[in-house]
Structure formats: C-alpha cells, structure tokens
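Working notes, beginning with the structure itself.
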Number of protein chains: 2
Amino acid sequence: MATIYEVAALAGVSPATVSRVFNGNTVSPEKQRAVRDAAAKLAFTPNKTARRLRKQSSEVVALLIPDIENPFFTALARGVEDRAQESGFSVVLCNTDDDPAKELRYLQIAASEQMAGVILAPASDEADLGAIASLGRPVVAVDRTTPYPVDAVKVDNRAAGIAATTALFDAGYRRIACIAGPIGIEATEDRFLGWRQVMTARRAAVPDGFLRHANFRADGGHAAMRQLLALPEPPDAVLTTNNLMGVGALQAILEAGVDPAKFGLAVVGELPFMFLTPPAVVQVRLPARHLGTTAATMLLERLGGDAQPPRTIVLRADLAP
Amino acid sequence: MATIYEVAALAGVSPATVSRVFNGNTVSPEKQRAVRDAAAKLAFTPNKTARRLRKQSSEVVALLIPDIENPFFTALARGVEDRAQESGFSVVLCNTDDDPAKELRYLQIAASEQMAGVILAPASDEADLGAIASLGRPVVAVDRTTPYPVDAVKVDNRAAGIAATTALFDAGYRRIACIAGPIGIEATEDRFLGWRQVMTARRAAVPDGFLRHANFRADGGHAAMRQLLALPEPPDAVLTTNNLMGVGALQAILEAGVDPAKFGLAVVGELPFMFLTPPAVVQVRLPARHLGTTAATMLLERLGGDAQPPRTIVLRADLAP
DNA sequence: GTCCTTGACGAAATCGATTTCTTGGACTTC
DNA sequence: GAAGTCCAAGAAATCGATTTCGTCAAGGAC
C-alpha cells in the first residue's frame with residue numbers, strides 16, 4: 001500500500017499537495033496531473049484509518065438490529081444500505097440479539113471507531129446512548145424508540161394492532177387471543193394495546209390467559225400458541241405482534257391438527273416466504289425497507305449539518321390485500 | 001472521550017505506562033492501580049482508530065455475502081459472528097448483491113480500513129483479491145471458491161445435487177428438469193452437474209429446455225418454472241440449485257394450478273420458514289451456520305499465526321428427513 | 001512604481017495510540 | 001565491592017493522513 005509520501009516523492013510535490021488533490025482543494029492543473037499519474041502508478045489508496053484519526057470521523061455508519069435472521073430487519077437493512085450507498089457511506093451491520101449488553105458493546109465500538117452515526121433498533125427501551133451522544137454523533141432510532149432525544153422512525157403500531165384485530169372481528173371471530181412480544185418493547189406493546197382497545201370497544205370477553213408474552217422468535221410464538229390451544233376454552237383466533245411469532249403460531253396450529261382455514265390468525269408483519277398461506281391469515285404489512293431508507297435519510301441529513309430539534313416520523317402500516 | 005494523555009496526567013505517569021497497563025505489559029502494582037483509577041474516573045476508552053493506525057491492524061473482520069435477504073447467508077453470518085465474538089473480534093457484514101463491482105469496492109474498503117481479515121462468499125469466480133492479498137491479510141472463501149490460493153469452506157455440491165435428484169427418481173419421477181443458478185458460479189454448477197450425472201446414469205431423457213439458468217432469487221426461479229410449465233411436454237419434477245429459486249418455483253407451480261402433491265420438487269437448500277410444505281418436496285439441508293463457524297475458525301487460526309498451505313474443507317449436506 | 005490582495009504550495013503540527021530507545025536503580029554473582 | 005543482569009518507566013519516534021501557518025510570486029489598484 002503506497003502512502004501519500006511516496007506519491008508526493010514520485011510526483012515531485014509535497015504530501016500536502018497530494019492530500020489537496022484528493023480533497024478537492026486548489027491545486028494547479030499541472031501538479032494535479034502529476035499527482036494523479038503518480039497515484040495511479042503506485043495504485044495508491046488513501047489510508048482510511050489515518051484519515052479517520054485526523055478528521056475524527058469516518059464515512060461509515062453503524063446499523064444495530066436485534067435479529068439478523070428476521071426478514072423484517074434484513075429488509076430494513078437493505079433500505080438503510082441502499083440509501084447510505086448513494087451518498088458514499090458504508091454500513092456496518094451489528095447483530096444485538098436483543099441483548100442490551102451486546103447492544104452496549106456495539107455502541108461503544110461505534111464510538112471508539114469514530115463511526116459517523118448510528119441507526120439503532122433498540123434492544124430495550126433503556127438503550128444507553130451516553131457514549132455516542134456525548135461525542136455529538138447523530139443517532140436515529142428505528143422501529144422502536146428510546147428515551148433519549150434523538151430522531152426516530154417508527155410505524156403506527158397501535159393502528160396496526162387495531163387493523164389486524166378488527167379484520168379478525170370482521171371475519172367473524174370473537175374469542176381472539178394475543179401473543180405479544182417481551183414486556184418493555186414499545187413497538188410490540190402498542191400493537192397489543194391496539195388489540196385490547198378493539199376487544200374493549202367491541203365488548204368482547206378477554207378470558208384469563210388470552211394474553212401471552214413470548215420472545216420475538218418463532219419458538220416463542222410456537223410455545224405460546226400451544227399454551228393457548230391447551231386452555232379449557234381455547235380461542236378461535238389469535239393475533240401475534242410480530243412476524244416470526246406468527247410463523248411459530250401457525251406451525252403450532254398445524255401441528256395440533258386444527259383446521260387453519262377455520263382458526264383465525266392475524267399477524268402484524270408478513271409471514272416470510274409464505275404464499276401457501278391459508279386464506280384466513282390476516283397480515284398487516286410493515287414498510288420495513290421504507291423504514292430503513294427513511295432512517296438513513298434522516299441520519300444523512302444530520303451528518304450534512306441539519307440541527308433542527310429531534311423529529312419522529314411515523315409511517316402507516318397497511319392491511320395486506 | 002478521554003485520551004491516554006489525560007489519564008497519564010491524572011495518574012501521574014507517562015502515556016507509555018498507561019498503554020502498558022492496558023496491553024498487559026510489566027507495570028508495578030501501584031502504578032497499575034493509579035492508572036486504572038484514573039481511567040475509571042475519566043471513563044477512558046482507548047481510541048481504536050489511533051491504535052489501528054499504529055498497529056496496522058484491527059480486531060474487525062469483514063464478511064462479504066451476496067444477499068443479506070437470503071436466509072442461507074444470514075444463517076452463515078450468524079455462524080461467523082458467534083465464532084468471531086468468542087475471540088473478541090467484531091464482524092462487519094457487507095452485502096455485495098452478487099455484483100463484482102460492489103464486491104471489489106468492499107474488498108478495497110476492507111484493505112484500507114485495516115481489517116484483520118476477510119470471509120468472502122464470492123460474487124463471481126474472478127473475485128479480485130489482489131488488494132487484500134498483497135497486504136498479507138488472510139482470506140477465507142466460503143460456500144464458493146476462488147482461483148486465489150486461499151482457505152476455503154464449501155459443501156459437497158455435486159453430492160447434494162446427486163442426492164436430491166436421486167430422491168426424485170426414487171419417488172417415481174422421470175421427467176426431471178433443473179433450474180440452475182447463473183453460469184460461472186461453481187457452487188451451483190456442481191449441483192447441476194450432480195443432476196446431469198444422475199440423469200445420465202439412469203438413462204433418463206433430458207429434452208431441450210429442461211435446463212434453465214436463472215438468477216439466484218425467487219423471481220428467477222419463478223420465471224424459469226413458468227417457462228418449464230409452458231413447454232409442450234412439461235417436466236413432472238424439477239430440481240432447483242438453491243433455496244430461493246425453490247421458493248419461486250413452488251410459487252409458480254401453485255399459481256399454475258398444478259397439484260403440488262403430484263409434481264416433484266427438489267431443492268438444494270431449505271425452503272425457509274416453510275412447514276406447510278407439500279410432502280413431495282425434497283430438501284437437501286445445507287449446513288449454513290456450520291459453514292460460517294468453520295470459516296471463522298479458519299480465519300482466526302490464520303490470524304493466530306497459522307501459516308500452513310491453504311486448505312479446503314468440504315462439508316456434507318444431508319437429505320432432510 | 002508601490003502597496004495590497006490573492007492563490008498555490010511547502011513545512012510542520014496534529015490526531016491518539018504503540019513501541020523503541022534510554023536511563024537509573026535494585027539485585028546477583030564471584 | 002566491582003561487574004553484570006534485569007526491570008520499571010519516561011522520552012521520543014512512529015503510523016499516514018489533514019490542516020494550519022507562512023512564504024513567495026503574480027496580478028490589480030492607484
């Protein structure tokens with residue numbers, strides 16, 4: 001790897017001039033050419049680490065997501081990546097596993113690696129943004145929010161919960177259970193509140209045990225669904241507050257030999273890769289990729305110097321046709 | 001962010017001593033304590049960028065995969081990440097989109113960012129490892145191989161193709177088509193060769209048009225399947241050489257109104273999240289996560305100083321029960 | 001012709017760690 | 001007790017870029 005000094009020597013100029021050529025400063029055309037020729041001859045690539053140390057910033061943004069195996073988050077990641085790429089930023093993807101400790105570790109790495117900014121789908125609502133915030137690096141929360149005053153992009157989760165539950169009602173189901181995510185994650189709580197709101201408004205009974213909290217993965221949904229089906233008076237429909245729990249619930253329904261065409265299932269999110277879906281499944285499509293592009297756009301605006309007070313953008317989720 | 005100099009001043013020692021404390025060198029117990037106390041008081045975190053510039057290396061490895069939305073690659077990524085994490089390395093995930101230009105760009109970034117090493121699922125068999133190789137950084141190819149003399153981890157793709165095709169034969173199908181990936185990607189070519197080998201060995205006819213090359217995604221599989229079904233004498237079964245093309249093919253089969261229980265489908269890979277699978281679907285499970293952990297282990301060995309000649313590890317793929 | 005502005009560009013400082021070199025004291029060894 | 005060994009720890013060099021500062025020459029104003 002050639003350095004700026006070798007290029008300077010070959011081109012017969014000072015290192016400062018070489019730097020200026022690559023950073024768009026005023027350099028005479030002849031020297032400019034000499035430098036570019038020398039750089040090409042030596043296959044010079046600027047050392048990003050040195051540049052980062054000096055500039056105290058880089059052109060890399062960190063994206064922290066809770067589960068890289070969840071298609072919702074990979075779609076979101078695509079959105080972030082596409083948008084960042086357009087502006088010459090690279091994205092490094094970090095998998096927090098919904099573990100606040102891992103999350104904190106990655107946040108510290110982002111700080112000590114001089115990353116330009118962070119897009120974060122918080123693993124808990126107490127994500128510690130102290131390190132990043134004190135450096136003045138912009139942070140955008142996505143899908144979930146944090147108590148810190150930072151930009152956020154989310155979906156109207158309560159409306160999504162309401163739409164899904166209402167669709168089950170309209171399809172004739174009355175005994176509707178809910179499999180919600182872990183307590184303390186706002187996104188899923190709002191969806192569950194939407195369910196409760198509809199149940200109350202329609203004066204539907206909510207027997208003991210009809211509300212289950214599970215982890216966000218398929219196995220959580222599976223276990224919760226089995227418990228629901230084992231109740232003395234089981235529900236005739238269920239709402240899951242995310243996609244993977246819906247996958248697990250459907251699996252449990254099929255295993256139990258319940259006719260999936262008769263049992264109502266509503267999912268906030270999409271059952272991934274699922275086109276064999278029984279017609280009775282209601283899905284509320286979340287604009288995953290759009291969440292990503294929007295978050296990236298906000299972050300890039302901040303990096304461009306935008307200093308207005310933190311904004312929260314709320315996107316609508318629509319009932320799948 | 002406190003620096004090593006501030007810590008040194010507060011502790012009453014030289015910066016060198018602070019560095020030594022954090023790098024396990026010989027420092028007397030008293031100074032050691034003084035430094036640690038000072039560091040704690042200032043919430044000191046070493047600046048990774050400075051350290052990286054000086055050491056010409058970091059504790060970050062790059063993982064380049066062609067499609068972050070493919071569950072096969074996310075499972076692989078999990079494997080890499082888990083293994084790397086154990087050894088204190090971070091993983092940055094880069095999505096090449098099967099685009100050699102993007103791949104090259106990320107390889108250059110990996111080089112100029114002083115990353116410790118690269119795990120690469122090449123987008124084409126001409127991945128240009130020049131920049132990385134000349135720096136002496138270790139590279140491990142995973143899932144696919146490259147012409148460069150680097151470590152590699154792959155599956156026995158031909159055996160997988162043979163197993164899948166044989167299973168279709170054993171189920172009574174005879175007119176078996178193949179939807180293969182893009183030309184020039186070794187992994188999928190070997191699988192297709194396995195298919196051809198079985199067809200030849202069993203003296204089965206391979207009419208014109210029974211071999212299709214498609215892109216690696218669901219839409220590719222979908223389009224290819226439609227063409228197959230539109231043939232004057234369509235096949236009675238099909239093999240797809242990766243998972244997502246299988247998804248697309250199944251979708252096309254269902255849309256065409258063909259009874260999926262009668263039409264044979266074999267997939268090298270797993271149909272993701274699919275447990276409504278018609279019983280006739282044959283899947284050859286690929287050890288995605290294991291590929292990742294193995295590749296990471298090899299890379300870490302190299303980083304640990306292992307200098308034996310490049311190895312290739314071949315993992316078996318098994319017919320799903 | 002003199003003074004002032006402007007612009008190109010080199011010298012040197014800077015970012016924050018690691019590492020080499022050096023020094024001075026404690027400890028062995030004969 | 002002199003000579004040799006060892007070790008903790010400070011001073012200073014180093015990694016490779018960016019950026020400030022200063023110089024010098026060309027061009028413009030009067």
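If you're wondering about the labels, chains in the structure tokens are A, B, ... by order shown, residues count from 1 in each chain, ligands from 1 in order shown.
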Would you list which chain A residues are within 9 Å of chain C using only C-alpha atoms (C1' of nucleotides), as a compact mmCIF listing (two decimals) with C-alpha atoms, in the first residue's frame?
```txt
# COMPACT_ATOMS: atom_id res chain seq x y z
CA VAL A 13 5.40 17.75 -4.76
CA SER A 14 4.74 17.90 -1.04
CA PRO A 15 2.43 15.46 0.77
CA ALA A 16 0.09 18.37 1.47
CA THR A 17 -0.44 18.86 -2.22
CA THR A 26 -6.90 24.40 -5.11
CA VAL A 27 -4.02 22.79 -6.96
CA SER A 28 -2.67 23.86 -10.33
CA ALA A 50 -5.08 7.77 9.22
CA ARG A 52 -10.20 8.97 10.30
CA LEU A 53 -7.80 9.68 13.13
CA ARG A 54 -7.11 13.13 11.82
CA LYS A 55 -10.67 14.04 10.88
CA GLN A 56 -12.17 12.42 13.95
```
Contacts of chain D with chain B up to 7 Å, shortest pair per row, only C-alpha atoms (C1' of nucleotides), as CSV:
```
residue,atom,partner,partner_atom,distance
D:DA8,C1',B:Val27,CA,6.5
D:DA9,C1',B:Thr17,CA,6.7
D:DG10,C1',B:Ser14,CA,6.2
D:DC15,C1',B:Arg54,CA,4.4
```
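If you look at CA of Arg203 (chain B) and CA of Ile176 (chain B), they are 11.9 Å away from each other.
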- Query: Using only C-alpha atoms (C1' of nucleotides), which residues sit within 12 Å of Asp128 (chain B) once same-chain residues fewer than 3 positions away are excluded, as an MDAnalysis selection string?
  - Reply: chainID B and resid 100:108 120 122:125 131:134 139 146:148
Next, write the just-selected residues to a file, as a PDB file, in the first residue's frame, keeping N, CA and C atoms as the atom set.
```
ATOM      1  N   PRO B 100     -19.947  -8.000  -8.879  1.00  0.00           N
ATOM      2  CA  PRO B 100     -18.495  -7.953  -8.728  1.00  0.00           C
ATOM      3  C   PRO B 100     -17.959  -6.556  -8.438  1.00  0.00           C
ATOM      4  N   ALA B 101     -18.610  -5.533  -8.938  1.00  0.00           N
ATOM      5  CA  ALA B 101     -18.132  -4.167  -8.690  1.00  0.00           C
ATOM      6  C   ALA B 101     -18.297  -3.800  -7.218  1.00  0.00           C
ATOM      7  N   LYS B 102     -19.469  -4.108  -6.663  1.00  0.00           N
ATOM      8  CA  LYS B 102     -19.684  -3.835  -5.242  1.00  0.00           C
ATOM      9  C   LYS B 102     -18.718  -4.656  -4.403  1.00  0.00           C
ATOM     10  N   GLU B 103     -18.515  -5.887  -4.830  1.00  0.00           N
ATOM     11  CA  GLU B 103     -17.610  -6.760  -4.103  1.00  0.00           C
ATOM     12  C   GLU B 103     -16.211  -6.162  -4.058  1.00  0.00           C
ATOM     13  N   LEU B 104     -15.754  -5.715  -5.211  1.00  0.00           N
ATOM     14  CA  LEU B 104     -14.420  -5.125  -5.285  1.00  0.00           C
ATOM     15  C   LEU B 104     -14.331  -3.903  -4.386  1.00  0.00           C
ATOM     16  N   ARG B 105     -15.368  -3.111  -4.394  1.00  0.00           N
ATOM     17  CA  ARG B 105     -15.389  -1.908  -3.576  1.00  0.00           C
ATOM     18  C   ARG B 105     -15.245  -2.270  -2.094  1.00  0.00           C
ATOM     19  N   TYR B 106     -15.989  -3.274  -1.677  1.00  0.00           N
ATOM     20  CA  TYR B 106     -15.908  -3.665  -0.276  1.00  0.00           C
ATOM     21  C   TYR B 106     -14.548  -4.274   0.060  1.00  0.00           C
ATOM     22  N   LEU B 107     -13.960  -4.981  -0.893  1.00  0.00           N
ATOM     23  CA  LEU B 107     -12.635  -5.544  -0.631  1.00  0.00           C
ATOM     24  C   LEU B 107     -11.617  -4.424  -0.440  1.00  0.00           C
ATOM     25  N   GLN B 108     -11.755  -3.377  -1.231  1.00  0.00           N
ATOM     26  CA  GLN B 108     -10.833  -2.249  -1.075  1.00  0.00           C
ATOM     27  C   GLN B 108     -11.054  -1.553   0.260  1.00  0.00           C
ATOM     28  N   LEU B 120     -15.275 -14.408   2.608  1.00  0.00           N
ATOM     29  CA  LEU B 120     -15.898 -13.978   1.365  1.00  0.00           C
ATOM     30  C   LEU B 120     -16.677 -15.104   0.707  1.00  0.00           C
ATOM     31  N   PRO B 122     -17.779 -15.430  -2.715  1.00  0.00           N
ATOM     32  CA  PRO B 122     -17.506 -14.639  -3.918  1.00  0.00           C
ATOM     33  C   PRO B 122     -18.730 -14.470  -4.810  1.00  0.00           C
ATOM     34  N   ALA B 123     -18.856 -13.281  -5.369  1.00  0.00           N
ATOM     35  CA  ALA B 123     -19.964 -12.987  -6.273  1.00  0.00           C
ATOM     36  C   ALA B 123     -19.703 -13.578  -7.654  1.00  0.00           C
ATOM     37  N   SER B 124     -18.450 -13.786  -7.953  1.00  0.00           N
ATOM     38  CA  SER B 124     -18.134 -14.436  -9.219  1.00  0.00           C
ATOM     39  C   SER B 124     -16.841 -15.191  -8.998  1.00  0.00           C
ATOM     40  N   ASP B 125     -16.472 -16.046  -9.942  1.00  0.00           N
ATOM     41  CA  ASP B 125     -15.255 -16.797  -9.672  1.00  0.00           C
ATOM     42  C   ASP B 125     -14.022 -16.019 -10.074  1.00  0.00           C
ATOM     43  N   ALA B 131      -5.774  -6.675  -3.747  1.00  0.00           N
ATOM     44  CA  ALA B 131      -5.507  -5.666  -2.727  1.00  0.00           C
ATOM     45  C   ALA B 131      -5.305  -6.300  -1.354  1.00  0.00           C
ATOM     46  N   ILE B 132      -6.217  -7.188  -0.998  1.00  0.00           N
ATOM     47  CA  ILE B 132      -6.138  -7.828   0.304  1.00  0.00           C
ATOM     48  C   ILE B 132      -4.914  -8.731   0.394  1.00  0.00           C
ATOM     49  N   ALA B 133      -4.730  -9.516  -0.648  1.00  0.00           N
ATOM     50  CA  ALA B 133      -3.658 -10.494  -0.625  1.00  0.00           C
ATOM     51  C   ALA B 133      -2.301  -9.806  -0.484  1.00  0.00           C
ATOM     52  N   SER B 134      -2.128  -8.673  -1.164  1.00  0.00           N
ATOM     53  CA  SER B 134      -0.820  -8.022  -1.140  1.00  0.00           C
ATOM     54  C   SER B 134      -0.521  -7.446   0.247  1.00  0.00           C
ATOM     55  N   VAL B 139      -7.626 -14.480   3.970  1.00  0.00           N
ATOM     56  CA  VAL B 139      -8.942 -14.521   3.336  1.00  0.00           C
ATOM     57  C   VAL B 139      -9.437 -15.957   3.389  1.00  0.00           C
ATOM     58  N   THR B 146     -12.484 -19.537  -5.037  1.00  0.00           N
ATOM     59  CA  THR B 146     -11.874 -18.552  -5.916  1.00  0.00           C
ATOM     60  C   THR B 146     -10.603 -19.156  -6.484  1.00  0.00           C
ATOM     61  N   PRO B 147     -10.098 -18.563  -7.559  1.00  0.00           N
ATOM     62  CA  PRO B 147      -8.855 -19.087  -8.125  1.00  0.00           C
ATOM     63  C   PRO B 147      -7.631 -18.750  -7.271  1.00  0.00           C
ATOM     64  N   TYR B 148      -7.771 -17.841  -6.332  1.00  0.00           N
ATOM     65  CA  TYR B 148      -6.624 -17.488  -5.490  1.00  0.00           C
ATOM     66  C   TYR B 148      -6.347 -18.610  -4.498  1.00  0.00           C
TER      67      TYR B 148
END
```
- Query: Which residues, written as an MDAnalysis selection string, have at least one atom at most 8 Å from Leu286 (chain A), with only C-alpha atoms (C1' of nucleotides) counted and residues fewer than 5 positions away on the same chain left out?
  - Reply: chainID A and resid 155 268:270 316:318
Selection above as a file: N, CA and C atoms, as a short mmCIF file (atom, residue, chain, number, x, y, z; two decimals), in the first residue's frame:
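Dumped everything to again39.cif:
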```cif
data_model
loop_
_atom_site.label_atom_id
_atom_site.label_comp_id
_atom_site.auth_asym_id
_atom_site.auth_seq_id
_atom_site.Cartn_x
_atom_site.Cartn_y
_atom_site.Cartn_z
N VAL A 155 -43.48 2.82 12.98
CA VAL A 155 -44.76 2.66 12.31
C VAL A 155 -45.84 2.94 13.34
N VAL A 268 -49.04 -8.98 12.78
CA VAL A 268 -48.51 -7.66 12.46
C VAL A 268 -47.13 -7.90 11.85
N GLY A 269 -47.04 -7.71 10.58
CA GLY A 269 -45.85 -8.07 9.82
C GLY A 269 -46.24 -9.10 8.78
N GLU A 270 -45.25 -9.55 8.04
CA GLU A 270 -45.55 -10.52 6.99
C GLU A 270 -44.99 -11.89 7.33
N ARG A 316 -47.30 4.60 8.10
CA ARG A 316 -48.51 3.80 8.20
C ARG A 316 -48.22 2.36 7.80
N ALA A 317 -48.91 1.45 8.44
CA ALA A 317 -48.85 0.05 8.02
C ALA A 317 -50.20 -0.29 7.42
N ASP A 318 -50.18 -1.04 6.33
CA ASP A 318 -51.45 -1.35 5.67
C ASP A 318 -51.80 -2.82 5.72
#
```
- Message: Just list as a ChimeraX atom specification whatever in region 3-73 of chain B DSSP marks as strand (DSSP E).
- Response: /B:60-65
Could the residues in this selection be saved with N, CA and C atoms as a JSON list (two decimals), in the first residue's frame?
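Written out: part.json:
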```json
[["chain", "number", "residue", "atom", "x", "y", "z"],
["B", 60, "VAL", "N", -11.32, -6.40, 13.65],
["B", 60, "VAL", "CA", -12.58, -6.44, 12.91],
["B", 60, "VAL", "C", -12.36, -7.31, 11.68],
["B", 61, "VAL", "N", -13.27, -8.21, 11.43],
["B", 61, "VAL", "CA", -13.19, -8.96, 10.18],
["B", 61, "VAL", "C", -14.39, -8.62, 9.32],
["B", 62, "ALA", "N", -14.17, -8.63, 8.02],
["B", 62, "ALA", "CA", -15.25, -8.34, 7.09],
["B", 62, "ALA", "C", -15.85, -9.64, 6.59],
["B", 63, "LEU", "N", -17.16, -9.65, 6.48],
["B", 63, "LEU", "CA", -17.85, -10.80, 5.90],
["B", 63, "LEU", "C", -18.64, -10.29, 4.71],
["B", 64, "LEU", "N", -18.29, -10.78, 3.52],
["B", 64, "LEU", "CA", -18.96, -10.33, 2.30],
["B", 64, "LEU", "C", -19.89, -11.43, 1.81],
["B", 65, "ILE", "N", -21.16, -11.13, 1.78],
["B", 65, "ILE", "CA", -22.12, -12.11, 1.28],
["B", 65, "ILE", "C", -22.93, -11.51, 0.14]]
```
- Message: Give me, as a PyMOL selection string, the residues of chain A touching chain B, with the criterion being at most 8 Å (counting only C-alpha atoms).
- Response: chain A and resi 1+45-50+52-53+68-69+71+74-75+78+91-94+112-114+135+247+251+272-276
- Gap from CA of Asp151 (chain B) to CA of Asp190 (chain B) - Å, one decimal: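 Computed distance, CA of Asp151 (chain B) to CA of Asp190 (chain B), equals 19.1 Å.
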- Query: Excluding same-chain residues fewer than 2 positions from Pro207 (chain A), what lies within 10 Å of it counting only C-alpha atoms (C1' of nucleotides), as an MDAnalysis selection string?
  - Reply: chainID A and resid 175:177 204:205 209:211 233:235
Selection to disk with C-alpha atoms, as a PDB file, in the first residue's frame:
```
ATOM      1  CA  ARG A 175     -62.594 -15.251  21.029  1.00  0.00           C
ATOM      2  CA  ILE A 176     -59.382 -13.550  19.980  1.00  0.00           C
ATOM      3  CA  ALA A 177     -56.166 -14.121  21.905  1.00  0.00           C
ATOM      4  CA  ALA A 204     -65.501  -8.972  23.624  1.00  0.00           C
ATOM      5  CA  ALA A 205     -64.515 -11.078  26.589  1.00  0.00           C
ATOM      6  CA  GLY A 209     -54.616 -16.402  29.743  1.00  0.00           C
ATOM      7  CA  PHE A 210     -55.643 -14.923  26.401  1.00  0.00           C
ATOM      8  CA  LEU A 211     -52.713 -12.544  26.558  1.00  0.00           C
ATOM      9  CA  GLU A 233     -61.817 -22.963  26.377  1.00  0.00           C
ATOM     10  CA  PRO A 234     -59.286 -22.088  23.693  1.00  0.00           C
ATOM     11  CA  PRO A 235     -59.573 -19.018  21.469  1.00  0.00           C
TER      12      PRO A 235
END
```
- Message: DSSP on the backbone: which residues in region 80-298 of chain A end up as alpha helix (DSSP H)? Give the answer as number ranges by chain.
- Response: A: 80-86, 100-112, 130-134, 157-170, 186-201, 218-229, 243-255, 288-298
- Query: In Å to one decimal, how far is CA of Glu59 (chain B) from CA of Thr3 (chain B)?
  - Reply: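 Those two atoms sit 20.0 Å apart.
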